Amino acid sequence: MNTDFARIMALLRKEKKISQKQAAADLGISQGLLSHYEKGKRECGLDFVVKAADYYGVSCDYLLGRSPEPQGNVITVSDLPDEDPSHRDKVTPGTMMIAFNKKLVMNSLNVLFSLLGKLHSATVIKEISSYLMLAVYKCFRYIYSSNPKNDQNFFTIDHTFAKSGCDAAMSLAEAKLNAALNGVVTNGEDAVSEDSIPEITTQSLSEEFPQYYSSTVNLIKNSEARIKEISG
């Protein structure tokens, strides 16, 4: 059973603020059957997939979870804008993966930090920034330390403590971030007010970040694919 279809069907209807009763009537089926489709309890035929795709203005590939793009586009590295328009990566077969993933991450960070500005919370900005910097530090240190010829005195924290210490610092940043986003004030930090949290939909993201939307939805799809590998 295609669980992506059920999730996306419900997501599109709610984003467009259409009632289940209205959507069912427009699609020519009963509300009960649409409810089963949206909950993944029943599978529909191909004809209905096409009809639903036309109704919501998306591609069948998107509706089935085969593409993160509503129009079903498959992006390549050349389709993604550079995070710095003045800089162009020289893409060769050997650097294709690096260039592609770099753009996914950097462009998605532009979206993330733009959203941070709307929250008006120093705590959220600080803790997300700390979490990201610690992740980069950890990865850099793995690469640096993999060559025994590299002088470990480059770092002030001993390697025996670095990994666990970094994990602990990231966990603390995550805890403070979660508290602030849920309105909980901790130890002199601030918290986010509910009315400052932006409403985010696929449409609002594509309209507000037309250059970076593709990067963000592809990063989400790739990340969730890795998570699904763990969960089975």
# chains A, B, ... in the order shown; residues from 1 in each chain; ligands from 1

call {"tool": "residues_around", "arguments": {"residues": "Tyr62 (chain A)", "least_positions_apart": "5", "cutoff": "7 Å", "atoms": "only C-alpha atoms", "output": "MDAnalysis selection string"}}
result
chainID A and resid 67:72

call {"tool": "residues_around", "arguments": {"residues": "region 190-201 of chain A", "least_positions_apart": "3", "cutoff": "9 Å", "atoms": "only C-alpha atoms", "output": "list in words"}}
result
Leu11, Glu15, Leu115, Lys118, Leu119, His120, Ser121, Ala122, Thr123, Val124, Leu177, Ala179, Ala180, Leu181, Asn182, Gly183, Val184, Val185, Thr186, Asn187, Ser204, Leu205 and Ser206 of chain A

call {"tool": "atom_distance", "arguments": {"atom1": "CA of Ser59 (chain A)", "atom2": "CA of Lys41 (chain A)"}}
result
22.3 Å

call {"tool": "select_by_dssp", "arguments": {"residues": "region 6-227 of chain A", "states": "helix (DSSP H, G or I)", "output": "compact mmCIF listing (two decimals) with C-alpha atoms, in the first residue's frame"}}
result
# COMPACT_ATOMS: atom_id res chain seq x y z
CA ALA A 6 -2.59 8.80 1.63
CA ARG A 7 -0.36 11.37 3.34
CA ILE A 8 -0.13 13.67 0.33
CA MET A 9 -3.86 13.47 -0.43
CA ALA A 10 -4.68 14.63 3.10
CA LEU A 11 -1.92 17.26 3.04
CA LEU A 12 -3.08 18.83 -0.22
CA ARG A 13 -6.71 19.00 0.88
CA LYS A 14 -5.85 20.61 4.22
CA GLU A 15 -3.39 23.05 2.67
CA GLN A 20 -13.30 16.35 3.15
CA LYS A 21 -17.00 16.45 2.27
CA GLN A 22 -16.41 19.03 -0.48
CA ALA A 23 -13.38 17.23 -1.90
CA ALA A 24 -15.26 13.95 -2.00
CA ALA A 25 -18.17 15.58 -3.84
CA ASP A 26 -15.82 17.24 -6.34
CA LEU A 27 -14.01 13.96 -6.96
CA GLN A 31 -16.75 11.03 1.97
CA GLY A 32 -16.23 7.67 3.65
CA LEU A 33 -14.21 6.36 0.71
CA LEU A 34 -12.10 9.51 0.56
CA SER A 35 -11.48 9.18 4.30
CA HIS A 36 -10.23 5.64 3.73
CA TYR A 37 -7.93 6.84 0.96
CA GLU A 38 -6.51 9.62 3.15
CA LYS A 39 -5.94 7.20 6.04
CA LEU A 46 -5.18 4.64 -11.54
CA ASP A 47 -8.17 6.57 -12.88
CA PHE A 48 -8.74 8.13 -9.48
CA VAL A 49 -5.05 9.01 -9.10
CA VAL A 50 -5.21 10.95 -12.38
CA LYS A 51 -8.48 12.61 -11.36
CA ALA A 52 -7.09 13.63 -7.95
CA ALA A 53 -3.88 14.94 -9.53
CA ASP A 54 -5.90 17.13 -11.88
CA TYR A 55 -8.13 18.29 -9.02
CA TYR A 56 -5.22 19.43 -6.87
CA CYS A 60 0.64 11.83 -10.49
CA ASP A 61 4.29 11.27 -9.55
CA TYR A 62 3.98 13.84 -6.77
CA LEU A 63 0.70 12.38 -5.55
CA VAL A 77 22.60 19.97 -10.19
CA SER A 78 22.26 22.49 -13.01
CA ASP A 79 18.64 23.16 -12.05
CA MET A 96 28.69 15.94 -9.33
CA MET A 97 27.57 14.44 -6.02
CA ILE A 98 29.46 17.04 -3.99
CA ALA A 99 28.06 19.93 -6.01
CA PHE A 100 24.51 18.58 -5.90
CA ASN A 101 24.43 17.91 -2.15
CA LYS A 102 26.22 21.15 -1.35
CA LYS A 103 23.51 23.08 -3.16
CA LEU A 104 20.74 21.12 -1.46
CA VAL A 105 22.16 21.91 1.96
CA MET A 106 23.17 25.52 1.36
CA ASN A 107 19.95 26.48 -0.40
CA SER A 108 17.88 24.79 2.30
CA LEU A 109 19.78 26.75 4.94
CA ASN A 110 18.69 29.95 3.21
CA VAL A 111 15.08 28.86 3.72
CA LEU A 112 15.72 27.81 7.32
CA PHE A 113 17.38 31.05 8.37
CA SER A 114 14.74 33.13 6.61
CA LEU A 115 12.11 31.33 8.68
CA LEU A 116 14.15 31.92 11.84
CA GLY A 117 13.86 35.66 11.32
CA LYS A 118 10.08 35.41 11.63
CA LEU A 119 10.20 33.78 15.04
CA ALA A 122 17.28 34.84 20.09
CA THR A 123 17.18 31.41 21.74
CA VAL A 124 15.89 29.64 18.64
CA ILE A 125 18.44 31.36 16.41
CA LYS A 126 21.27 30.61 18.83
CA GLU A 127 20.40 26.97 19.43
CA ILE A 128 19.74 26.08 15.78
CA SER A 129 22.99 27.81 14.81
CA SER A 130 24.87 25.97 17.56
CA TYR A 131 23.39 22.63 16.52
CA LEU A 132 24.37 23.13 12.88
CA MET A 133 27.87 24.36 13.73
CA LEU A 134 28.45 21.40 16.04
CA ALA A 135 27.35 19.00 13.29
CA VAL A 136 29.81 20.59 10.85
CA TYR A 137 32.56 20.56 13.51
CA LYS A 138 31.95 16.88 14.17
CA CYS A 139 32.12 15.95 10.49
CA PHE A 140 35.22 18.08 9.91
CA ARG A 141 36.96 16.49 12.89
CA TYR A 142 36.19 12.98 11.63
CA ILE A 143 37.86 13.79 8.31
CA TYR A 144 40.81 15.62 9.91
CA SER A 145 41.45 12.86 12.46
CA GLN A 152 45.68 16.65 16.79
CA ASN A 153 46.84 19.78 18.62
CA PHE A 154 44.79 21.63 16.02
CA HIS A 159 39.67 13.22 20.86
CA THR A 160 38.62 10.85 23.66
CA PHE A 161 36.05 13.42 24.82
CA ALA A 162 35.25 15.25 21.61
CA LYS A 163 32.61 12.95 20.09
CA SER A 164 30.57 12.41 23.27
CA GLY A 165 31.00 16.06 24.25
CA CYS A 166 29.77 17.17 20.83
CA ASP A 167 26.78 14.83 21.03
CA ALA A 168 25.94 16.19 24.48
CA ALA A 169 26.19 19.80 23.32
CA MET A 170 23.95 19.03 20.32
CA SER A 171 21.39 17.33 22.58
CA LEU A 172 21.36 20.36 24.89
CA ALA A 173 20.87 22.73 21.95
CA GLU A 174 18.03 20.54 20.70
CA ALA A 175 16.39 20.51 24.14
CA LYS A 176 16.56 24.30 24.47
CA LEU A 177 15.27 24.70 20.92
CA ASN A 178 12.32 22.40 21.56
CA ALA A 179 11.47 24.23 24.78
CA ALA A 180 11.59 27.67 23.16
CA LEU A 181 9.45 26.58 20.20
CA GLU A 194 2.41 31.15 19.22
CA ASP A 195 1.30 33.98 16.95
CA SER A 196 4.84 34.44 15.58
CA THR A 202 4.05 23.60 0.08
CA GLN A 203 2.45 26.54 -1.70
CA SER A 204 3.78 29.16 0.71
CA LEU A 205 7.30 27.70 0.46
CA SER A 206 7.25 27.65 -3.33
CA GLU A 207 5.93 31.21 -3.50
CA GLU A 208 8.24 32.71 -0.87
CA TYR A 213 12.04 25.40 -2.84
CA SER A 214 13.32 22.51 -4.97
CA SER A 215 16.40 22.15 -2.78
CA THR A 216 14.36 22.09 0.41
CA VAL A 217 11.80 19.50 -0.66
CA ASN A 218 14.52 17.28 -2.11
CA LEU A 219 16.56 17.55 1.10
CA ILE A 220 13.46 16.53 3.07
CA LYS A 221 12.80 13.57 0.76
CA ASN A 222 16.43 12.40 0.92
CA SER A 223 16.55 12.75 4.72
CA GLU A 224 13.34 10.82 5.23
CA ALA A 225 14.60 8.09 2.93
CA ARG A 226 17.60 7.65 5.23
CA ILE A 227 15.33 7.57 8.28

call {"tool": "atom_distance", "arguments": {"atom1": "CA of Lys228 (chain A)", "atom2": "CA of Ser146 (chain A)"}}
result
28.8 Å

call {"tool": "atom_distance", "arguments": {"atom1": "CA of Lys17 (chain A)", "atom2": "CA of Thr3 (chain A)"}}
result
21.5 Å

call {"tool": "decode", "arguments": {"residues": "region 114-143 of chain A", "atoms": "N, CA, C and O atoms", "output": "compact mmCIF listing (two decimals), in the first residue's frame"}}
result
# COMPACT_ATOMS: atom_id res chain seq x y z
N SER A 114 15.78 32.15 6.90
CA SER A 114 14.74 33.13 6.61
C SER A 114 13.54 32.91 7.53
O SER A 114 12.94 33.86 8.05
N LEU A 115 13.20 31.64 7.77
CA LEU A 115 12.11 31.33 8.68
C LEU A 115 12.45 31.70 10.12
O LEU A 115 11.58 32.13 10.88
N LEU A 116 13.72 31.56 10.48
CA LEU A 116 14.15 31.92 11.84
C LEU A 116 13.88 33.39 12.13
O LEU A 116 13.51 33.76 13.26
N GLY A 117 14.06 34.23 11.12
CA GLY A 117 13.86 35.66 11.32
C GLY A 117 12.43 36.01 11.69
O GLY A 117 12.17 37.06 12.30
N LYS A 118 11.49 35.14 11.34
CA LYS A 118 10.08 35.41 11.63
C LYS A 118 9.69 35.03 13.05
O LYS A 118 8.62 35.42 13.53
N LEU A 119 10.54 34.27 13.71
CA LEU A 119 10.20 33.78 15.04
C LEU A 119 10.54 34.77 16.15
O LEU A 119 10.03 34.66 17.26
N HIS A 120 11.42 35.72 15.86
CA HIS A 120 11.79 36.76 16.82
C HIS A 120 12.26 36.16 18.14
O HIS A 120 11.86 36.60 19.22
N SER A 121 13.10 35.14 18.06
CA SER A 121 13.60 34.48 19.26
C SER A 121 15.10 34.30 19.17
O SER A 121 15.60 33.56 18.32
N ALA A 122 15.82 34.98 20.06
CA ALA A 122 17.28 34.84 20.09
C ALA A 122 17.67 33.42 20.46
O ALA A 122 18.67 32.89 19.96
N THR A 123 16.87 32.78 21.32
CA THR A 123 17.18 31.41 21.74
C THR A 123 17.11 30.45 20.58
O THR A 123 18.00 29.62 20.38
N VAL A 124 16.06 30.54 19.78
CA VAL A 124 15.89 29.64 18.64
C VAL A 124 17.02 29.83 17.64
O VAL A 124 17.62 28.86 17.15
N ILE A 125 17.34 31.08 17.34
CA ILE A 125 18.44 31.36 16.41
C ILE A 125 19.76 30.81 16.93
O ILE A 125 20.52 30.16 16.21
N LYS A 126 20.00 31.05 18.22
CA LYS A 126 21.27 30.61 18.83
C LYS A 126 21.39 29.09 18.86
O LYS A 126 22.44 28.54 18.49
N GLU A 127 20.31 28.41 19.26
CA GLU A 127 20.40 26.97 19.43
C GLU A 127 20.42 26.23 18.08
O GLU A 127 21.13 25.24 17.94
N ILE A 128 19.67 26.71 17.10
CA ILE A 128 19.74 26.08 15.78
C ILE A 128 21.12 26.31 15.18
O ILE A 128 21.71 25.40 14.58
N SER A 129 21.65 27.52 15.33
CA SER A 129 22.99 27.81 14.81
C SER A 129 24.04 26.94 15.49
O SER A 129 24.93 26.39 14.83
N SER A 130 23.93 26.79 16.81
CA SER A 130 24.87 25.97 17.56
C SER A 130 24.80 24.51 17.11
O SER A 130 25.83 23.86 16.90
N TYR A 131 23.59 24.02 16.94
CA TYR A 131 23.39 22.63 16.52
C TYR A 131 24.04 22.38 15.16
O TYR A 131 24.74 21.38 14.97
N LEU A 132 23.81 23.29 14.23
CA LEU A 132 24.37 23.13 12.88
C LEU A 132 25.89 23.24 12.90
O LEU A 132 26.59 22.46 12.23
N MET A 133 26.41 24.20 13.66
CA MET A 133 27.87 24.36 13.73
C MET A 133 28.54 23.15 14.37
O MET A 133 29.61 22.71 13.93
N LEU A 134 27.90 22.59 15.39
CA LEU A 134 28.45 21.40 16.04
C LEU A 134 28.46 20.21 15.09
O LEU A 134 29.39 19.41 15.09
N ALA A 135 27.41 20.10 14.27
CA ALA A 135 27.35 19.00 13.29
C ALA A 135 28.48 19.13 12.27
O ALA A 135 29.13 18.13 11.91
N VAL A 136 28.72 20.36 11.80
CA VAL A 136 29.81 20.59 10.85
C VAL A 136 31.16 20.32 11.51
O VAL A 136 32.05 19.68 10.92
N TYR A 137 31.32 20.79 12.76
CA TYR A 137 32.56 20.56 13.51
C TYR A 137 32.84 19.07 13.64
O TYR A 137 33.96 18.60 13.43
N LYS A 138 31.81 18.32 13.97
CA LYS A 138 31.95 16.88 14.17
C LYS A 138 32.40 16.19 12.88
O LYS A 138 33.31 15.35 12.89
N CYS A 139 31.77 16.55 11.77
CA CYS A 139 32.12 15.95 10.49
C CYS A 139 33.54 16.33 10.07
O CYS A 139 34.32 15.49 9.59
N PHE A 140 33.88 17.62 10.26
CA PHE A 140 35.22 18.08 9.91
C PHE A 140 36.26 17.34 10.73
O PHE A 140 37.30 16.90 10.21
N ARG A 141 35.98 17.15 12.03
CA ARG A 141 36.96 16.49 12.89
C ARG A 141 37.14 15.02 12.51
O ARG A 141 38.25 14.49 12.60
N TYR A 142 36.07 14.37 12.10
CA TYR A 142 36.19 12.98 11.63
C TYR A 142 37.17 12.90 10.46
O TYR A 142 38.05 12.03 10.40
N ILE A 143 37.00 13.81 9.49
CA ILE A 143 37.86 13.79 8.31
C ILE A 143 39.30 14.13 8.69
O ILE A 143 40.25 13.46 8.27
